[in-house]
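The structure appears right after this line, and notes come after that.
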Amino acid sequence: MQEIKITTTLTCYDHIEELPQKIQELMESAVKARKNAYAPYSKFRVGAALLLENGKVILGNNQENAAYPSGLCAERVAIFHAGAEYPGVAVNQIAITATSDNHINKTPIPPCGSCRQSIAEYEMRQESPIEIYFMGAEGKIMKSNSLKDLLPLVFDKSYL
Ligand code: THU
């Protein structure tokens, strides 16, 4: 018997102004996208902005549905759009922001497990890491250098 320890490393920024300029702008785009979320049921709005290697920014926000499971998270709306419109163009960074309409979330809110799995697919497909920055409505921001740091033991095509 043997125990395996899995560790991960994240960077924490105290405020959006500490981010590199282009990431600040990306996070501001995510904030704008968040405000357009369609979230009448959860009142929880999420915005995602992807920066592609060609300089394009792709936005996504959560899209809910009266049949709850038919809705989709912001991160997957954005990354599926990138895959549909710019196949073969790498996604270099993703900025994510999330908050409830009922209270202002000030701690970083990470992407859900399903979104991590979806982003992992694109990272493996493009064979280059995707940096992920996530925050609440405002305040601290966390960054992972690769999706792999957020999803150890990822399920991938090697198991098929
Ligand atoms: N949501 C996202 O958009 N991204 C996540 O990573 C977690 C959750 C959305 C789904 C749903 O519309 C609302 O937030 C509450 O779960």
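Here, A, B, ... name the chains of the structure tokens in the order displayed, residue numbers run from 1 inside each chain, and ligands are numbered from 1 in the same displayed order.
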So that I can check the surroundings of Ala78 in chain A, please list as a ChimeraX atom specification every protein, DNA and RNA residue that reaches within 8 Å of it, counting only C-alpha atoms and ignoring chain neighbours fewer than 3 positions away. /A:48-50,58-61,74-75,81-82
Kindly export the residues of the current selection with N, CA and C atoms, as a CSV table (one decimal), in the first residue's frame.
chain,number,residue,atom,x,y,z
A,48,ALA,N,-17.3,34.7,-18.8
A,48,ALA,CA,-15.9,34.1,-19.2
A,48,ALA,C,-15.5,34.9,-20.4
A,49,ALA,N,-14.2,35.2,-20.5
A,49,ALA,CA,-13.6,35.8,-21.7
A,49,ALA,C,-12.3,35.0,-22.0
A,50,LEU,N,-12.2,34.6,-23.3
A,50,LEU,CA,-11.1,33.8,-23.7
A,50,LEU,C,-10.2,34.6,-24.6
A,58,ILE,N,-13.2,35.9,-27.1
A,58,ILE,CA,-14.5,35.2,-27.2
A,58,ILE,C,-15.1,35.2,-25.8
A,59,LEU,N,-16.4,35.6,-25.8
A,59,LEU,CA,-17.1,35.8,-24.5
A,59,LEU,C,-18.1,34.6,-24.3
A,60,GLY,N,-18.4,34.4,-23.1
A,60,GLY,CA,-19.5,33.5,-22.8
A,60,GLY,C,-20.1,33.9,-21.4
A,61,ASN,N,-21.4,33.5,-21.2
A,61,ASN,CA,-22.0,33.7,-19.9
A,61,ASN,C,-23.0,32.6,-19.7
A,74,ALA,N,-21.1,29.4,-18.2
A,74,ALA,CA,-20.4,30.5,-19.0
A,74,ALA,C,-19.1,29.9,-19.7
A,75,GLU,N,-18.3,29.2,-19.0
A,75,GLU,CA,-17.0,28.7,-19.5
A,75,GLU,C,-17.2,27.8,-20.7
A,81,HIS,N,-17.9,28.0,-28.3
A,81,HIS,CA,-17.9,29.0,-29.3
A,81,HIS,C,-16.6,29.1,-30.0
A,82,ALA,N,-15.5,29.1,-29.2
A,82,ALA,CA,-14.1,29.2,-29.8
A,82,ALA,C,-13.9,28.0,-30.7
Within 7 Å of ligand 1: each chain A residue with its shortest pair, only C-alpha atoms and all ligand atoms, as a Markdown table:
| residue | atom | partner | partner_atom_place_in_ligand_line | distance |
| --- | --- | --- | --- | --- |
| A:Ala39 | CA | ligand 1 | 12 (O) | 5.7 |
| A:Ser42 | CA | ligand 1 | 15 (C) | 5.3 |
| A:Phe44 | CA | ligand 1 | 13 (C) | 5.2 |
| A:Arg45 | CA | ligand 1 | 14 (O) | 6.1 |
| A:Val46 | CA | ligand 1 | 3 (O) | 4.8 |
| A:Asn61 | CA | ligand 1 | 3 (O) | 6.3 |
| A:Asn62 | CA | ligand 1 | 3 (O) | 4.3 |
| A:Gln63 | CA | ligand 1 | 12 (O) | 6.0 |
| A:Glu64 | CA | ligand 1 | 12 (O) | 5.2 |
| A:Gly71 | CA | ligand 1 | 12 (O) | 6.5 |
| A:Leu72 | CA | ligand 1 | 10 (C) | 6.1 |
| A:Cys73 | CA | ligand 1 | 3 (O) | 3.2 |
| A:Ala74 | CA | ligand 1 | 3 (O) | 4.0 |
| A:Glu75 | CA | ligand 1 | 4 (N) | 6.0 |
| A:Pro110 | CA | ligand 1 | 6 (O) | 6.4 |
| A:Pro111 | CA | ligand 1 | 6 (O) | 3.5 |
| A:Cys112 | CA | ligand 1 | 6 (O) | 3.8 |
| A:Cys115 | CA | ligand 1 | 6 (O) | 5.9 |
Report as JSON lines: every residue of range 20-64 of chain A with an atom at most 12 Å from range 116-137 of chain A, its closest pair of atoms, and their distance in Å to one decimal, counting only C-alpha atoms, with rows sorted by chain and ascending residue number.
{"residue": "A:Pro20", "atom": "CA", "partner": "A:Tyr133", "partner_atom": "CA", "distance": 11.4}
{"residue": "A:Ile23", "atom": "CA", "partner": "A:Tyr133", "partner_atom": "CA", "distance": 8.5}
{"residue": "A:Gln24", "atom": "CA", "partner": "A:Tyr133", "partner_atom": "CA", "distance": 10.1}
{"residue": "A:Leu26", "atom": "CA", "partner": "A:Tyr133", "partner_atom": "CA", "distance": 9.6}
{"residue": "A:Met27", "atom": "CA", "partner": "A:Tyr133", "partner_atom": "CA", "distance": 8.1}
{"residue": "A:Glu28", "atom": "CA", "partner": "A:Ala137", "partner_atom": "CA", "distance": 10.8}
{"residue": "A:Ala30", "atom": "CA", "partner": "A:Phe134", "partner_atom": "CA", "distance": 9.9}
{"residue": "A:Val31", "atom": "CA", "partner": "A:Ala137", "partner_atom": "CA", "distance": 7.8}
{"residue": "A:Lys32", "atom": "CA", "partner": "A:Ala137", "partner_atom": "CA", "distance": 11.1}
{"residue": "A:Arg34", "atom": "CA", "partner": "A:Ala137", "partner_atom": "CA", "distance": 9.2}
{"residue": "A:Lys35", "atom": "CA", "partner": "A:Ala137", "partner_atom": "CA", "distance": 10.4}
{"residue": "A:Phe44", "atom": "CA", "partner": "A:Ala137", "partner_atom": "CA", "distance": 10.7}
{"residue": "A:Arg45", "atom": "CA", "partner": "A:Ala137", "partner_atom": "CA", "distance": 9.3}
{"residue": "A:Val46", "atom": "CA", "partner": "A:Gly136", "partner_atom": "CA", "distance": 9.0}
{"residue": "A:Gly47", "atom": "CA", "partner": "A:Ala137", "partner_atom": "CA", "distance": 9.9}
{"residue": "A:Ala48", "atom": "CA", "partner": "A:Phe134", "partner_atom": "CA", "distance": 9.1}
{"residue": "A:Ala49", "atom": "CA", "partner": "A:Tyr133", "partner_atom": "CA", "distance": 9.9}
{"residue": "A:Leu50", "atom": "CA", "partner": "A:Ile132", "partner_atom": "CA", "distance": 9.3}
{"residue": "A:Leu51", "atom": "CA", "partner": "A:Ile130", "partner_atom": "CA", "distance": 9.6}
{"residue": "A:Leu52", "atom": "CA", "partner": "A:Ile130", "partner_atom": "CA", "distance": 9.9}
{"residue": "A:Glu53", "atom": "CA", "partner": "A:Ile130", "partner_atom": "CA", "distance": 10.7}
Output of the above residues as a short mmCIF file (atom, residue, chain, number, x, y, z; two decimals), in the first residue's frame, restricted to N, CA, C and O atoms:
data_model
loop_
_atom_site.label_atom_id
_atom_site.label_comp_id
_atom_site.auth_asym_id
_atom_site.auth_seq_id
_atom_site.Cartn_x
_atom_site.Cartn_y
_atom_site.Cartn_z
N PRO A 20 -1.44 41.63 -15.24
CA PRO A 20 -0.86 42.25 -16.43
C PRO A 20 -1.98 42.98 -17.21
O PRO A 20 -3.13 42.52 -17.20
N ILE A 23 -4.50 41.10 -19.27
CA ILE A 23 -5.38 40.22 -18.48
C ILE A 23 -6.44 41.04 -17.75
O ILE A 23 -7.59 40.63 -17.61
N GLN A 24 -6.03 42.24 -17.32
CA GLN A 24 -7.02 43.17 -16.73
C GLN A 24 -8.14 43.42 -17.73
O GLN A 24 -9.32 43.38 -17.39
N LEU A 26 -8.96 41.58 -20.22
CA LEU A 26 -9.72 40.33 -20.44
C LEU A 26 -10.73 40.14 -19.30
O LEU A 26 -11.89 39.78 -19.55
N MET A 27 -10.30 40.42 -18.07
CA MET A 27 -11.21 40.28 -16.93
C MET A 27 -12.34 41.30 -17.03
O MET A 27 -13.49 40.98 -16.72
N GLU A 28 -12.04 42.48 -17.50
CA GLU A 28 -13.10 43.49 -17.68
C GLU A 28 -14.10 43.03 -18.74
O GLU A 28 -15.31 43.25 -18.60
N ALA A 30 -14.81 39.92 -19.26
CA ALA A 30 -15.58 38.87 -18.58
C ALA A 30 -16.66 39.49 -17.69
O ALA A 30 -17.78 38.97 -17.60
N VAL A 31 -16.32 40.61 -17.05
CA VAL A 31 -17.31 41.30 -16.20
C VAL A 31 -18.49 41.77 -17.06
O VAL A 31 -19.66 41.59 -16.69
N LYS A 32 -18.18 42.33 -18.23
CA LYS A 32 -19.27 42.78 -19.13
C LYS A 32 -20.12 41.58 -19.54
O LYS A 32 -21.36 41.66 -19.55
N ARG A 34 -20.53 38.84 -17.91
CA ARG A 34 -21.28 38.37 -16.73
C ARG A 34 -22.60 39.12 -16.60
O ARG A 34 -23.63 38.53 -16.28
N LYS A 35 -22.55 40.42 -16.87
CA LYS A 35 -23.76 41.24 -16.71
C LYS A 35 -24.85 40.85 -17.71
O LYS A 35 -26.02 41.14 -17.49
N PHE A 44 -27.39 33.75 -10.26
CA PHE A 44 -25.93 33.67 -10.12
C PHE A 44 -25.35 33.86 -11.51
O PHE A 44 -25.59 33.05 -12.41
N ARG A 45 -24.63 34.95 -11.69
CA ARG A 45 -24.15 35.31 -13.03
C ARG A 45 -22.66 35.02 -13.17
O ARG A 45 -21.88 35.38 -12.29
N VAL A 46 -22.33 34.40 -14.27
CA VAL A 46 -20.93 34.05 -14.54
C VAL A 46 -20.57 34.59 -15.92
O VAL A 46 -21.36 34.50 -16.86
N GLY A 47 -19.37 35.17 -16.02
CA GLY A 47 -18.87 35.64 -17.31
C GLY A 47 -17.50 35.04 -17.57
O GLY A 47 -16.70 34.89 -16.64
N ALA A 48 -17.25 34.69 -18.81
CA ALA A 48 -15.94 34.14 -19.19
C ALA A 48 -15.46 34.86 -20.45
O ALA A 48 -16.26 35.14 -21.35
N ALA A 49 -14.17 35.17 -20.47
CA ALA A 49 -13.57 35.77 -21.67
C ALA A 49 -12.30 34.98 -22.00
O ALA A 49 -11.46 34.75 -21.14
N LEU A 50 -12.22 34.57 -23.25
CA LEU A 50 -11.08 33.77 -23.72
C LEU A 50 -10.21 34.64 -24.62
O LEU A 50 -10.75 35.32 -25.49
N LEU A 51 -8.91 34.58 -24.42
CA LEU A 51 -8.00 35.28 -25.33
C LEU A 51 -7.32 34.23 -26.21
O LEU A 51 -6.63 33.33 -25.70
N LEU A 52 -7.55 34.36 -27.50
CA LEU A 52 -6.98 33.40 -28.45
C LEU A 52 -5.60 33.87 -28.91
O LEU A 52 -5.26 35.05 -28.81
N GLU A 53 -4.84 32.93 -29.46
CA GLU A 53 -3.48 33.29 -29.91
C GLU A 53 -3.50 34.30 -31.06
O GLU A 53 -2.52 35.00 -31.27
#
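Here the question is which of A:Ser29, A:Ser158, A:Tyr68, A:Asp149 gets nearest to Thr97 in chain A using only C-alpha atoms, and that residue is A:Ser29.
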Find the residues near Cys12 in chain A: any atom within 9 Å, counting only C-alpha atoms, skip ones fewer than 5 places away on the same chain, and give them as a CSV table (one decimal) with N, CA and C atoms, in the first residue's frame.
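Saved as part_10.csv:
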chain,number,residue,atom,x,y,z
A,140,LYS,N,-10.0,39.5,-4.8
A,140,LYS,CA,-8.8,38.6,-5.1
A,140,LYS,C,-9.1,37.8,-6.4
A,141,ILE,N,-8.0,37.5,-7.0
A,141,ILE,CA,-8.0,36.7,-8.3
A,141,ILE,C,-7.0,35.6,-8.1
A,142,MET,N,-7.5,34.4,-8.5
A,142,MET,CA,-6.5,33.3,-8.5
A,142,MET,C,-6.2,32.9,-9.9
A,143,LYS,N,-5.0,32.4,-10.1
A,143,LYS,CA,-4.6,32.0,-11.4
A,143,LYS,C,-4.0,30.6,-11.4
From the DSSP assignment of the backbone, select every residue of chain A that is strand (DSSP E or B), and format the answer as a ChimeraX atom specification. /A:11-13,38,44-52,57-61,63,72,91-100,131-135,141-144
Write the residues of the preceding selection, restricted to N, CA and C atoms, as a CSV table (one decimal), in the first residue's frame.
chain,number,residue,atom,x,y,z
A,11,THR,N,-1.5,31.0,-8.2
A,11,THR,CA,-1.0,32.4,-7.9
A,11,THR,C,-2.2,33.2,-7.4
A,12,CYS,N,-2.0,34.0,-6.4
A,12,CYS,CA,-3.1,34.8,-5.9
A,12,CYS,C,-2.8,36.3,-6.1
A,13,TYR,N,-3.7,37.1,-6.7
A,13,TYR,CA,-3.5,38.5,-6.8
A,13,TYR,C,-4.5,39.2,-5.9
A,38,TYR,N,-27.8,35.0,-18.7
A,38,TYR,CA,-29.3,34.7,-18.6
A,38,TYR,C,-29.4,33.8,-17.4
A,44,PHE,N,-27.4,33.7,-10.3
A,44,PHE,CA,-25.9,33.7,-10.1
A,44,PHE,C,-25.3,33.9,-11.5
A,45,ARG,N,-24.6,35.0,-11.7
A,45,ARG,CA,-24.1,35.3,-13.0
A,45,ARG,C,-22.7,35.0,-13.2
A,46,VAL,N,-22.3,34.4,-14.3
A,46,VAL,CA,-20.9,34.0,-14.5
A,46,VAL,C,-20.6,34.6,-15.9
A,47,GLY,N,-19.4,35.2,-16.0
A,47,GLY,CA,-18.9,35.6,-17.3
A,47,GLY,C,-17.5,35.0,-17.6
A,48,ALA,N,-17.3,34.7,-18.8
A,48,ALA,CA,-15.9,34.1,-19.2
A,48,ALA,C,-15.5,34.9,-20.4
A,49,ALA,N,-14.2,35.2,-20.5
A,49,ALA,CA,-13.6,35.8,-21.7
A,49,ALA,C,-12.3,35.0,-22.0
A,50,LEU,N,-12.2,34.6,-23.3
A,50,LEU,CA,-11.1,33.8,-23.7
A,50,LEU,C,-10.2,34.6,-24.6
A,51,LEU,N,-8.9,34.6,-24.4
A,51,LEU,CA,-8.0,35.3,-25.3
A,51,LEU,C,-7.3,34.2,-26.2
A,52,LEU,N,-7.6,34.4,-27.5
A,52,LEU,CA,-7.0,33.4,-28.5
A,52,LEU,C,-5.6,33.9,-28.9
A,57,VAL,N,-11.0,37.9,-28.8
A,57,VAL,CA,-11.6,37.6,-27.5
A,57,VAL,C,-12.9,37.0,-27.7
A,58,ILE,N,-13.2,35.9,-27.1
A,58,ILE,CA,-14.5,35.2,-27.2
A,58,ILE,C,-15.1,35.2,-25.8
A,59,LEU,N,-16.4,35.6,-25.8
A,59,LEU,CA,-17.1,35.8,-24.5
A,59,LEU,C,-18.1,34.6,-24.3
A,60,GLY,N,-18.4,34.4,-23.1
A,60,GLY,CA,-19.5,33.5,-22.8
A,60,GLY,C,-20.1,33.9,-21.4
A,61,ASN,N,-21.4,33.5,-21.2
A,61,ASN,CA,-22.0,33.7,-19.9
A,61,ASN,C,-23.0,32.6,-19.7
A,63,GLN,N,-26.2,30.4,-19.4
A,63,GLN,CA,-27.5,30.4,-20.1
A,63,GLN,C,-28.4,29.4,-19.5
A,72,LEU,N,-26.5,26.0,-19.6
A,72,LEU,CA,-25.0,25.7,-19.7
A,72,LEU,C,-24.2,26.8,-19.0
A,91,VAL,N,-6.3,28.7,-27.5
A,91,VAL,CA,-6.8,29.6,-26.4
A,91,VAL,C,-5.7,29.7,-25.4
A,92,ASN,N,-5.2,30.9,-25.2
A,92,ASN,CA,-4.1,31.1,-24.3
A,92,ASN,C,-4.5,31.4,-22.9
A,93,GLN,N,-5.5,32.2,-22.7
A,93,GLN,CA,-5.9,32.6,-21.3
A,93,GLN,C,-7.5,32.6,-21.3
A,94,ILE,N,-8.0,32.4,-20.1
A,94,ILE,CA,-9.4,32.5,-19.8
A,94,ILE,C,-9.5,33.3,-18.5
A,95,ALA,N,-10.4,34.3,-18.5
A,95,ALA,CA,-10.7,35.1,-17.3
A,95,ALA,C,-12.2,34.8,-17.0
A,96,ILE,N,-12.4,34.5,-15.7
A,96,ILE,CA,-13.8,34.1,-15.2
A,96,ILE,C,-14.2,35.0,-14.1
A,97,THR,N,-15.4,35.5,-14.0
A,97,THR,CA,-15.9,36.2,-12.9
A,97,THR,C,-17.3,35.7,-12.6
A,98,ALA,N,-17.7,35.6,-11.3
A,98,ALA,CA,-19.0,35.1,-11.0
A,98,ALA,C,-19.5,35.8,-9.7
A,99,THR,N,-20.8,36.1,-9.7
A,99,THR,CA,-21.4,36.6,-8.5
A,99,THR,C,-22.9,36.4,-8.5
A,100,SER,N,-23.4,36.4,-7.3
A,100,SER,CA,-24.9,36.3,-7.1
A,100,SER,C,-25.5,37.7,-7.2
A,131,GLU,N,-4.0,29.4,-19.4
A,131,GLU,CA,-3.9,30.0,-18.1
A,131,GLU,C,-5.3,30.4,-17.7
A,132,ILE,N,-5.7,30.1,-16.5
A,132,ILE,CA,-7.1,30.4,-16.0
A,132,ILE,C,-7.0,31.4,-14.8
A,133,TYR,N,-7.7,32.5,-15.0
A,133,TYR,CA,-7.8,33.5,-13.9
A,133,TYR,C,-9.2,33.5,-13.5
A,134,PHE,N,-9.5,33.5,-12.2
A,134,PHE,CA,-10.9,33.5,-11.7
A,134,PHE,C,-11.0,34.4,-10.5
A,135,MET,N,-12.1,35.1,-10.4
A,135,MET,CA,-12.5,36.0,-9.3
A,135,MET,C,-13.9,35.9,-9.0
A,141,ILE,N,-8.0,37.5,-7.0
A,141,ILE,CA,-8.0,36.7,-8.3
A,141,ILE,C,-7.0,35.6,-8.1
A,142,MET,N,-7.5,34.4,-8.5
A,142,MET,CA,-6.5,33.3,-8.5
A,142,MET,C,-6.2,32.9,-9.9
A,143,LYS,N,-5.0,32.4,-10.1
A,143,LYS,CA,-4.6,32.0,-11.4
A,143,LYS,C,-4.0,30.6,-11.4
A,144,SER,N,-4.4,29.8,-12.3
A,144,SER,CA,-3.6,28.5,-12.5
A,144,SER,C,-2.9,28.6,-13.9
Have a look at A:Ala90, A:Val77, A:Leu10, A:Ala66 and name the one nearest to Pro40 in chain A; count only C-alpha atoms. A:Ala66
For a test of reading the model, state the distance in Å between CA of Lys148 in chain A and CA of Ser114 in chain A, rounded to one decimal.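 Distance between the two atoms: 13.7 Å.
Among the candidates A:Ile16, A:Ala84, A:Val89, A:Leu151, the residue lying nearest to Lys56 in chain A is A:Val89 (atoms considered: only C-alpha atoms).
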